[in-house]
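Asker: What follows is a structure written as structure tokens; I'll ask about it next.
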Amino acid sequence: MILEEISSKNMEIVENTQKLKAELIEAGKKLAAKNLLPATSGNLSARFENLILVTVSGKDKAQLTEEDFMLVNYRAEAVEDISKKPSAETLLHSLVYENYPKANYIYHVHSSASVILSKKIGANKEILLENYELLKALSGINTHSTTEIVPIFRNSQNIASLAQDVKQFLSVKSDIHAFVLEGHGFYTWGATHKECLRHVEALDTLFSCEIEMMKLN
Ligand SMILES: [Zn+2]
């Protein structure tokens with residue numbers, strides 16, 4: 001490759017990651033405003049070629065800047081700036097990108113509704129979302145008359161073993177839009193930034209509805 005081509009390729013990488021960073025910064029602001037990313041929790045990522053652009057851990061997601069991201073490979077290892085530490089949970093992002101070729105964005109939020117509902121139902125069980133008009137906000141669903149399964153996995157600080165549990169589930173049932181970690185939060189993904197945001201908001205609302213329904217029973 002001649003020098004000119006190399007520098008134009010670099011420019012392209014900078015421009016493309018800038019666009020993705022702007023979308024993730026906007027997602028951070030919107031989701032934090034809804035209290036879905038309390039106290040620096042959660043993480044946001046976007047697929048970038050064969051790499052993942054992800055938020056570094058410990059940042060207030062309402063105030064992300066372009067410096068608060070890093071590029072990692074699918075083994076969750078830093079590929080540019082090795083002084084930045086990726087979140088251990090990045091392995092779960094890799095798993096989703098590997099299993100869902102159409103997923104280009106993953107938002108992991110610590111929504112109170114997912115925390116409460118998963119503690120109530122328990123790990124290794126499933127949340128069944130049925131007959132909600134809002135299910136149509138999930139990509140590929142065009143009727144309320146359906147059942148969306150959201151698996152709940154036991155929370156663990158051992159992300160490699162957690163990733164193994166998720167992988168095993170996906171090998172049997174992959175047509176899901178999200179999964180929940182018990183007492184922790186949920187992961188959802190989308191082809192675009194807007195679709196991923198829509199999934200977060202719809203699922204958080206549906207989990208809240210399930211909690212309210214339980215109160216009436
Ligand atoms: Zn988390």
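All residue names refer to the structure tokens as shown: chains lettered A, B, ... in order, residues numbered from 1 in each chain, ligands numbered from 1 in order.
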Would you list the residues that come within 12 Å of ligand 1? Count only C-alpha atoms and all ligand atoms and give the answer as a PyMOL selection string.

Answerer: chain A and resi 36-44+57-58+87-93+107-111+114-115+155-157+159+179-187

Asker: Please list as a list in words every residue within 12 Å of A:Asn16, counting only C-alpha atoms and excluding residues in the same chain fewer than 4 positions away.

Answerer: Lys9, Asn10, Met11, Glu12, Leu20, Lys21, Ala22, Glu23, Ala46, Arg47, Phe48, Glu49 and Leu53 of chain A

Asker: Write the selection just made, keeping N, CA and C atoms, as a short mmCIF file (atom, residue, chain, number, x, y, z; two decimals), in the first residue's frame?

Answerer:
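Below is the file out.cif, written as the result:
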```cif
data_model
loop_
_atom_site.label_atom_id
_atom_site.label_comp_id
_atom_site.auth_asym_id
_atom_site.auth_seq_id
_atom_site.Cartn_x
_atom_site.Cartn_y
_atom_site.Cartn_z
N LYS A 9 -6.73 5.48 4.53
CA LYS A 9 -7.36 4.39 5.30
C LYS A 9 -7.46 4.82 6.77
N ASN A 10 -6.37 5.43 7.28
CA ASN A 10 -6.39 5.90 8.68
C ASN A 10 -7.47 6.94 8.89
N MET A 11 -7.58 7.87 7.91
CA MET A 11 -8.60 8.92 7.99
C MET A 11 -9.99 8.30 8.05
N GLU A 12 -10.16 7.25 7.24
CA GLU A 12 -11.44 6.57 7.18
C GLU A 12 -11.76 5.94 8.54
N LEU A 20 -19.46 6.56 15.15
CA LEU A 20 -19.95 5.58 16.14
C LEU A 20 -19.88 6.16 17.56
N LYS A 21 -18.79 6.86 17.87
CA LYS A 21 -18.64 7.46 19.20
C LYS A 21 -19.76 8.47 19.46
N ALA A 22 -20.09 9.27 18.43
CA ALA A 22 -21.16 10.27 18.59
C ALA A 22 -22.49 9.58 18.92
N GLU A 23 -22.74 8.44 18.27
CA GLU A 23 -23.99 7.70 18.55
C GLU A 23 -23.97 7.12 19.96
N ALA A 46 -20.27 -0.72 19.87
CA ALA A 46 -20.65 -0.77 18.45
C ALA A 46 -19.63 -1.64 17.73
N ARG A 47 -20.13 -2.38 16.73
CA ARG A 47 -19.23 -3.19 15.92
C ARG A 47 -18.47 -2.27 14.98
N PHE A 48 -17.17 -2.45 14.90
CA PHE A 48 -16.38 -1.67 13.96
C PHE A 48 -15.47 -2.63 13.19
N GLU A 49 -15.83 -2.90 11.94
CA GLU A 49 -15.15 -3.91 11.11
C GLU A 49 -15.05 -5.20 11.91
N LEU A 53 -15.92 -1.32 19.35
CA LEU A 53 -15.68 -0.03 20.01
C LEU A 53 -16.55 -0.04 21.26
#
```

Asker: Go ahead and compute the interatomic distance for atom CA of A:Ile52 and atom CA of A:Val72, in Å to one decimal.

Answerer: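 Between atom CA of A:Ile52 and atom CA of A:Val72 the gap is 5.3 Å.
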
Asker: Provide the atom CA of A:Asp60 to atom CA of A:Leu206 distance in Å, to one decimal place.

Answerer: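 Here the two named atoms are 25.7 Å from each other.
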
Asker: Go ahead and compute the interatomic distance for atom CA of A:Leu95 and atom CA of A:Leu135, in Å to one decimal.

Answerer: 24.1 Å

Asker: Closest to A:Arg198 among A:Ser139, A:Ser171, A:Ser83, A:Gln164, using only C-alpha atoms?

Answerer: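 Between A:Ser139, A:Ser171, A:Ser83, A:Gln164, the residue approaching A:Arg198 most closely is A:Ser139.
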
Asker: Of the residues A:Ala32, A:Ala113, A:Leu138, A:Leu128, which is the one nearest to A:Cys196, using only C-alpha atoms?

Answerer: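 For A:Cys196, the nearest of the given residues is A:Leu138.
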
Asker: Taking into account only C-alpha atoms, which residue in the set A:Ile13, A:Leu197, A:Val96, A:Met214 is nearest to A:Asp175?

Answerer: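 Comparing A:Ile13, A:Leu197, A:Val96, A:Met214 against A:Asp175, the winner is A:Val96.
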